Amino acid sequence: MSLKPISVVNSMSYEDFISIFGNVIEHCSLCAAAVWRDRPFSDVNSLHKSFCQFADQLPIGGKEGILRLHPDLAGRLAMSGGLTNESTKEQQSAGLNTLTDQEKKTMHHLNQQYKQKFGFPFVICARENKKEAILTGLERRLNNSGETEAVTGVEEVKKICRLRLHLKHSCLYHEVSFYWWIESQSTRRELAVHSQLRLKSRDPDKYKC
C-alpha cells in the first residue's frame, strides 16, 4: 500500500512545513507556523480547517493585516511580473491578464477607491471568478462597511487557501506515488534476485551463471 500524502505532511519538520505551505495564505507564513502545531491532520480538508480556524479567531485588525499582504488585482505587481507564482496563475485563470485598456482603467480606479476607503486591497478568489464578475464585485463591495469587508475578504482568503492546499496535496500525491512506485520496483527486483538465489542454492547445476 502506498504512503498517503497527508502522512508525509504530518511527518514534516517545522521548516519543511513552512517551506511548502507558507504561502497558501498569501505572504503569511505565520499562519502556517501556527497550523503546524495542529498535526496530525486526517486529510487535506482537516488541514484547511486548521488554517480557517486560525484566520477566524483573529480580531478585525488581524484579519485586515492578512488582507494587506495581498496584491492589487491586475495592479502594478501583476504588470511588472512581481506576483508570487500562485497569484500569477490565479489572476491569469480569471482573465485579468487580458483586460482591455478601459477595463484596466476601471480596475485601477476601483482598486484605489477601495483601498482609500478600507485601508487594505480588494481580495476575491480569482480562480472562482472571471474578470467581469470581479469588476462587478469590486464595485458592489465598495458599499460595505469596513468590518463587513474585513470578514468578507478573509472568507475569500479561505477559498484561495483551500484551492492552493488541494493543488499542493495533488503534487504531493503524485510525488509520493512516484517514489513509492520506484521503491516497489526496487523491492520486486530484490525479491526476484532473492528467489533466484534460493533456487540456485537448491539446484546449483541447473542455475549456473
# chains A, B, ... in the order shown; residues from 1 in each chain; ligands from 1
call {"tool": "closest_atom_pairs", "arguments": {"of": "region 121-180 of chain A", "to": "region 92-100 of chain A", "cutoff": "7 Å", "atoms": "only C-alpha atoms", "output": "Markdown table"}}
result
| residue | atom | partner | partner_atom | distance |
| --- | --- | --- | --- | --- |
| A:Ala126 | CA | A:Ala94 | CA | 5.5 |
| A:Arg127 | CA | A:Ser93 | CA | 5.8 |
| A:Asn129 | CA | A:Ala94 | CA | 5.8 |
| A:Lys130 | CA | A:Ala94 | CA | 4.3 |
| A:Lys131 | CA | A:Ala94 | CA | 5.6 |
call {"tool": "write_last_selection", "arguments": {"atoms": "N, CA and C atoms", "output": "tab-separated table (two decimals), in the first residue's frame"}}
result
chain	number	residue	atom	x	y	z
A	126	ALA	N	-9.86	34.54	-7.25
A	126	ALA	CA	-9.82	34.74	-8.70
A	126	ALA	C	-10.13	33.45	-9.46
A	127	ARG	N	-9.72	32.30	-8.93
A	127	ARG	CA	-9.97	31.04	-9.63
A	127	ARG	C	-11.45	30.71	-9.72
A	129	ASN	N	-13.78	33.09	-10.19
A	129	ASN	CA	-14.44	34.21	-10.84
A	129	ASN	C	-13.73	34.57	-12.15
A	130	LYS	N	-14.45	35.26	-13.02
A	130	LYS	CA	-13.87	35.82	-14.23
A	130	LYS	C	-13.81	37.33	-14.09
A	131	LYS	N	-13.10	37.98	-15.00
A	131	LYS	CA	-12.82	39.41	-14.84
A	131	LYS	C	-14.10	40.25	-14.72
call {"tool": "residues_around", "arguments": {"residues": "Asn45 (chain A)", "least_positions_apart": "3", "cutoff": "10 Å", "atoms": "only C-alpha atoms", "output": "PDB file with N, CA and C atoms, in the first residue's frame"}}
result
ATOM      1  N   PHE A  41      -3.024  15.741  10.864  1.00  0.00           N
ATOM      2  CA  PHE A  41      -4.241  16.034  10.126  1.00  0.00           C
ATOM      3  C   PHE A  41      -4.756  14.732   9.520  1.00  0.00           C
ATOM      4  N   SER A  42      -6.073  14.602   9.458  1.00  0.00           N
ATOM      5  CA  SER A  42      -6.647  13.363   8.914  1.00  0.00           C
ATOM      6  C   SER A  42      -6.663  13.371   7.386  1.00  0.00           C
ATOM      7  N   HIS A  48      -6.982  22.239   5.872  1.00  0.00           N
ATOM      8  CA  HIS A  48      -7.617  23.512   5.513  1.00  0.00           C
ATOM      9  C   HIS A  48      -8.419  24.065   6.688  1.00  0.00           C
ATOM     10  N   LYS A  49      -9.089  23.198   7.422  1.00  0.00           N
ATOM     11  CA  LYS A  49      -9.879  23.634   8.576  1.00  0.00           C
ATOM     12  C   LYS A  49      -9.004  24.336   9.613  1.00  0.00           C
ATOM     13  N   SER A  50      -7.795  23.841   9.804  1.00  0.00           N
ATOM     14  CA  SER A  50      -6.886  24.460  10.769  1.00  0.00           C
ATOM     15  C   SER A  50      -6.486  25.871  10.329  1.00  0.00           C
ATOM     16  N   PHE A  51      -6.229  26.026   9.022  1.00  0.00           N
ATOM     17  CA  PHE A  51      -5.921  27.366   8.515  1.00  0.00           C
ATOM     18  C   PHE A  51      -7.112  28.299   8.694  1.00  0.00           C
ATOM     19  N   ARG A 162      -7.909  27.081   0.321  1.00  0.00           N
ATOM     20  CA  ARG A 162      -8.403  25.721   0.031  1.00  0.00           C
ATOM     21  C   ARG A 162      -7.904  25.237  -1.328  1.00  0.00           C
ATOM     22  N   LEU A 165      -4.132  24.589  -1.232  1.00  0.00           N
ATOM     23  CA  LEU A 165      -3.826  23.365  -0.489  1.00  0.00           C
ATOM     24  C   LEU A 165      -4.116  22.126  -1.334  1.00  0.00           C
ATOM     25  N   HIS A 166      -5.218  22.137  -2.053  1.00  0.00           N
ATOM     26  CA  HIS A 166      -5.561  20.986  -2.879  1.00  0.00           C
ATOM     27  C   HIS A 166      -4.556  20.813  -4.015  1.00  0.00           C
TER      28      HIS A 166
END
call {"tool": "select_by_dssp", "arguments": {"residues": "chain A", "states": "helix (DSSP H, G or I)", "output": "VMD selection string"}}
result
chain A and resid 5 to 10 14 to 21 29 to 38 44 to 56 60 to 68 76 to 80 85 to 93 96 to 98 101 to 118 126 to 128 131 to 141 146 to 202
call {"tool": "residues_around", "arguments": {"residues": "region 139-145 of chain A", "least_positions_apart": "3", "cutoff": "12 Å", "atoms": "only C-alpha atoms", "output": "list of chain:residue names"}}
result
A:Thr106, A:Met107, A:His108, A:His109, A:Leu110, A:Asn111, A:Gln112, A:Gln113, A:Tyr114, A:Lys115, A:Gln116, A:Lys117, A:Phe118, A:Gly119, A:Pro121, A:Phe122, A:Val123, A:Ile124, A:Glu132, A:Ala133, A:Ile134, A:Leu135, A:Thr136, A:Thr148, A:Glu149, A:Ala150, A:Val151, A:Thr152, A:Gly153
call {"tool": "write_last_selection", "arguments": {"atoms": "N, CA, C and O atoms", "output": "short mmCIF file (atom, residue, chain, number, x, y, z; two decimals), in the first residue's frame"}}
result
data_model
loop_
_atom_site.label_atom_id
_atom_site.label_comp_id
_atom_site.auth_asym_id
_atom_site.auth_seq_id
_atom_site.Cartn_x
_atom_site.Cartn_y
_atom_site.Cartn_z
N THR A 106 -10.66 51.07 -15.31
CA THR A 106 -11.74 50.87 -14.36
C THR A 106 -11.26 50.10 -13.13
O THR A 106 -11.57 50.46 -11.99
N MET A 107 -10.49 49.03 -13.37
CA MET A 107 -9.95 48.22 -12.27
C MET A 107 -9.05 49.06 -11.37
O MET A 107 -9.15 49.00 -10.13
N HIS A 108 -8.17 49.85 -11.97
CA HIS A 108 -7.26 50.69 -11.20
C HIS A 108 -8.04 51.70 -10.37
O HIS A 108 -7.75 51.90 -9.18
N HIS A 109 -9.03 52.33 -10.98
CA HIS A 109 -9.82 53.35 -10.28
C HIS A 109 -10.57 52.74 -9.10
O HIS A 109 -10.56 53.29 -7.98
N LEU A 110 -11.22 51.60 -9.32
CA LEU A 110 -11.97 50.94 -8.24
C LEU A 110 -11.04 50.42 -7.14
O LEU A 110 -11.37 50.50 -5.95
N ASN A 111 -9.89 49.89 -7.53
CA ASN A 111 -8.91 49.42 -6.54
C ASN A 111 -8.47 50.56 -5.62
O ASN A 111 -8.36 50.40 -4.40
N GLN A 112 -8.22 51.73 -6.22
CA GLN A 112 -7.78 52.89 -5.44
C GLN A 112 -8.89 53.36 -4.50
O GLN A 112 -8.63 53.67 -3.33
N GLN A 113 -10.11 53.39 -5.01
CA GLN A 113 -11.25 53.77 -4.17
C GLN A 113 -11.41 52.82 -2.99
O GLN A 113 -11.64 53.24 -1.84
N TYR A 114 -11.27 51.55 -3.28
CA TYR A 114 -11.44 50.52 -2.26
C TYR A 114 -10.37 50.66 -1.17
O TYR A 114 -10.68 50.65 0.03
N LYS A 115 -9.13 50.80 -1.57
CA LYS A 115 -8.04 50.90 -0.58
C LYS A 115 -8.14 52.19 0.23
O LYS A 115 -7.82 52.21 1.43
N GLN A 116 -8.55 53.26 -0.41
CA GLN A 116 -8.71 54.53 0.32
C GLN A 116 -9.81 54.43 1.36
O GLN A 116 -9.71 55.00 2.45
N LYS A 117 -10.87 53.68 1.06
CA LYS A 117 -11.98 53.56 2.00
C LYS A 117 -11.68 52.58 3.13
O LYS A 117 -11.98 52.86 4.29
N PHE A 118 -11.06 51.42 2.79
CA PHE A 118 -10.91 50.36 3.79
C PHE A 118 -9.50 50.21 4.35
O PHE A 118 -9.33 49.60 5.41
N GLY A 119 -8.50 50.67 3.64
CA GLY A 119 -7.14 50.56 4.14
C GLY A 119 -6.46 49.24 3.83
O GLY A 119 -5.38 48.94 4.34
N PRO A 121 -6.33 46.04 0.36
CA PRO A 121 -6.76 45.78 -1.01
C PRO A 121 -7.98 44.86 -1.10
O PRO A 121 -8.27 44.09 -0.19
N PHE A 122 -8.67 44.97 -2.20
CA PHE A 122 -9.81 44.11 -2.50
C PHE A 122 -9.31 42.70 -2.76
O PHE A 122 -8.41 42.47 -3.57
N VAL A 123 -9.90 41.72 -2.06
CA VAL A 123 -9.50 40.32 -2.22
C VAL A 123 -10.71 39.50 -2.62
O VAL A 123 -11.78 39.58 -1.99
N ILE A 124 -10.53 38.71 -3.67
CA ILE A 124 -11.57 37.79 -4.12
C ILE A 124 -10.86 36.55 -4.69
O ILE A 124 -9.73 36.65 -5.17
N GLU A 132 -15.16 39.88 -15.45
CA GLU A 132 -16.40 40.65 -15.39
C GLU A 132 -17.01 40.58 -13.99
O GLU A 132 -17.46 41.60 -13.44
N ALA A 133 -17.02 39.38 -13.41
CA ALA A 133 -17.58 39.20 -12.07
C ALA A 133 -16.73 39.92 -11.02
O ALA A 133 -17.25 40.44 -10.03
N ILE A 134 -15.42 39.94 -11.23
CA ILE A 134 -14.50 40.61 -10.30
C ILE A 134 -14.75 42.12 -10.31
O ILE A 134 -14.84 42.76 -9.26
N LEU A 135 -14.88 42.69 -11.48
CA LEU A 135 -15.16 44.13 -11.58
C LEU A 135 -16.50 44.48 -10.95
O LEU A 135 -16.62 45.48 -10.22
N THR A 136 -17.50 43.65 -11.21
CA THR A 136 -18.83 43.88 -10.62
C THR A 136 -18.78 43.76 -9.10
O THR A 136 -19.35 44.58 -8.37
N THR A 148 -17.44 44.56 7.70
CA THR A 148 -18.01 43.58 6.78
C THR A 148 -17.00 43.16 5.72
O THR A 148 -16.86 41.97 5.40
N GLU A 149 -16.25 44.13 5.21
CA GLU A 149 -15.27 43.82 4.17
C GLU A 149 -14.09 43.02 4.71
O GLU A 149 -13.52 42.18 4.01
N ALA A 150 -13.70 43.28 5.96
CA ALA A 150 -12.61 42.50 6.56
C ALA A 150 -13.02 41.04 6.67
O ALA A 150 -12.24 40.13 6.32
N VAL A 151 -14.26 40.80 7.11
CA VAL A 151 -14.77 39.43 7.24
C VAL A 151 -14.96 38.80 5.87
O VAL A 151 -14.56 37.64 5.63
N THR A 152 -15.55 39.56 4.94
CA THR A 152 -15.78 39.04 3.58
C THR A 152 -14.46 38.73 2.89
O THR A 152 -14.32 37.68 2.23
N GLY A 153 -13.50 39.62 3.05
CA GLY A 153 -12.18 39.42 2.44
C GLY A 153 -11.50 38.16 2.94
O GLY A 153 -10.93 37.39 2.17
#
call {"tool": "atom_distance", "arguments": {"atom1": "CA of Gly65 (chain A)", "atom2": "CA of Ala32 (chain A)"}}
result
15.3 Å
call {"tool": "decode", "arguments": {"residues": "region 47-62 of chain A", "atoms": "all heavy atoms", "output": "short mmCIF file (atom, residue, chain, number, x, y, z; two decimals), in the first residue's frame"}}
result
data_model
loop_
_atom_site.label_atom_id
_atom_site.label_comp_id
_atom_site.auth_asym_id
_atom_site.auth_seq_id
_atom_site.Cartn_x
_atom_site.Cartn_y
_atom_site.Cartn_z
N LEU A 47 -6.58 19.80 7.22
CA LEU A 47 -5.50 20.80 7.16
C LEU A 47 -6.07 22.18 6.84
O LEU A 47 -5.72 23.17 7.48
CB LEU A 47 -4.49 20.38 6.09
CG LEU A 47 -3.33 21.32 5.78
CD1 LEU A 47 -2.50 21.60 7.03
CD2 LEU A 47 -2.45 20.73 4.68
N HIS A 48 -6.98 22.24 5.87
CA HIS A 48 -7.62 23.51 5.51
C HIS A 48 -8.42 24.07 6.69
O HIS A 48 -8.41 25.27 6.96
CB HIS A 48 -8.54 23.32 4.30
CG HIS A 48 -9.27 24.55 3.90
ND1 HIS A 48 -10.64 24.63 3.86
CD2 HIS A 48 -8.81 25.78 3.53
CE1 HIS A 48 -11.00 25.85 3.49
NE2 HIS A 48 -9.91 26.57 3.28
N LYS A 49 -9.09 23.20 7.42
CA LYS A 49 -9.88 23.63 8.58
C LYS A 49 -9.00 24.34 9.61
O LYS A 49 -9.41 25.34 10.21
CB LYS A 49 -10.58 22.42 9.21
CG LYS A 49 -11.49 22.80 10.37
CD LYS A 49 -12.19 21.56 10.93
CE LYS A 49 -13.08 21.92 12.12
NZ LYS A 49 -13.75 20.71 12.67
N SER A 50 -7.80 23.84 9.80
CA SER A 50 -6.89 24.46 10.77
C SER A 50 -6.49 25.87 10.33
O SER A 50 -6.41 26.79 11.14
CB SER A 50 -5.63 23.60 10.95
OG SER A 50 -5.92 22.46 11.72
N PHE A 51 -6.23 26.03 9.02
CA PHE A 51 -5.92 27.37 8.52
C PHE A 51 -7.11 28.30 8.69
O PHE A 51 -6.95 29.47 9.07
CB PHE A 51 -5.53 27.30 7.03
CG PHE A 51 -4.08 26.99 6.79
CD1 PHE A 51 -3.67 25.69 6.53
CD2 PHE A 51 -3.13 27.99 6.83
CE1 PHE A 51 -2.33 25.40 6.30
CE2 PHE A 51 -1.78 27.71 6.62
CZ PHE A 51 -1.39 26.41 6.35
N CYS A 52 -8.31 27.80 8.43
CA CYS A 52 -9.52 28.62 8.58
C CYS A 52 -9.74 29.03 10.03
O CYS A 52 -10.09 30.18 10.32
CB CYS A 52 -10.74 27.85 8.07
SG CYS A 52 -10.77 27.63 6.28
N GLN A 53 -9.54 28.08 10.94
CA GLN A 53 -9.74 28.39 12.35
C GLN A 53 -8.76 29.45 12.83
O GLN A 53 -9.12 30.33 13.63
CB GLN A 53 -9.58 27.11 13.18
CG GLN A 53 -10.74 26.15 13.03
CD GLN A 53 -10.53 24.83 13.75
OE1 GLN A 53 -9.39 24.42 14.01
NE2 GLN A 53 -11.62 24.15 14.10
N PHE A 54 -7.52 29.40 12.32
CA PHE A 54 -6.55 30.41 12.69
C PHE A 54 -7.01 31.78 12.22
O PHE A 54 -6.96 32.76 12.97
CB PHE A 54 -5.18 30.10 12.09
CG PHE A 54 -4.15 31.16 12.37
CD1 PHE A 54 -3.45 31.17 13.56
CD2 PHE A 54 -3.90 32.17 11.44
CE1 PHE A 54 -2.51 32.17 13.83
CE2 PHE A 54 -2.97 33.16 11.70
CZ PHE A 54 -2.27 33.16 12.89
N ALA A 55 -7.47 31.86 10.96
CA ALA A 55 -7.92 33.15 10.40
C ALA A 55 -9.18 33.65 11.10
O ALA A 55 -9.32 34.85 11.37
CB ALA A 55 -8.16 33.01 8.90
N ASP A 56 -10.09 32.73 11.42
CA ASP A 56 -11.36 33.12 12.03
C ASP A 56 -11.19 33.70 13.44
O ASP A 56 -11.96 34.58 13.85
CB ASP A 56 -12.31 31.92 12.10
CG ASP A 56 -12.86 31.55 10.73
OD1 ASP A 56 -12.85 32.40 9.82
OD2 ASP A 56 -13.31 30.39 10.58
N GLN A 57 -10.19 33.18 14.17
CA GLN A 57 -10.05 33.63 15.56
C GLN A 57 -9.32 34.97 15.68
O GLN A 57 -9.23 35.54 16.77
CB GLN A 57 -9.35 32.56 16.39
CG GLN A 57 -7.97 32.14 15.90
CD GLN A 57 -6.84 33.04 16.38
OE1 GLN A 57 -6.91 33.57 17.49
NE2 GLN A 57 -5.82 33.21 15.54
N LEU A 58 -8.81 35.47 14.57
CA LEU A 58 -8.13 36.76 14.60
C LEU A 58 -9.13 37.90 14.82
O LEU A 58 -10.24 37.86 14.30
CB LEU A 58 -7.38 37.00 13.28
CG LEU A 58 -6.18 36.13 12.98
CD1 LEU A 58 -5.69 36.38 11.55
CD2 LEU A 58 -5.05 36.39 13.97
N PRO A 59 -8.74 38.93 15.55
CA PRO A 59 -9.60 40.11 15.66
C PRO A 59 -9.66 40.82 14.31
O PRO A 59 -8.90 40.49 13.39
CB PRO A 59 -8.88 40.97 16.71
CG PRO A 59 -7.45 40.56 16.61
CD PRO A 59 -7.47 39.09 16.27
N ILE A 60 -10.53 41.79 14.19
CA ILE A 60 -10.70 42.51 12.92
C ILE A 60 -9.37 43.09 12.44
O ILE A 60 -9.03 43.01 11.25
CB ILE A 60 -11.74 43.64 13.05
CG1 ILE A 60 -13.15 43.04 13.23
CG2 ILE A 60 -11.72 44.54 11.82
CD1 ILE A 60 -13.61 42.20 12.05
N GLY A 61 -8.58 43.62 13.36
CA GLY A 61 -7.27 44.17 12.99
C GLY A 61 -6.36 43.12 12.38
O GLY A 61 -5.61 43.40 11.43
N GLY A 62 -6.41 41.89 12.93
CA GLY A 62 -5.59 40.80 12.39
C GLY A 62 -6.07 40.36 11.02
O GLY A 62 -5.27 40.06 10.13
#
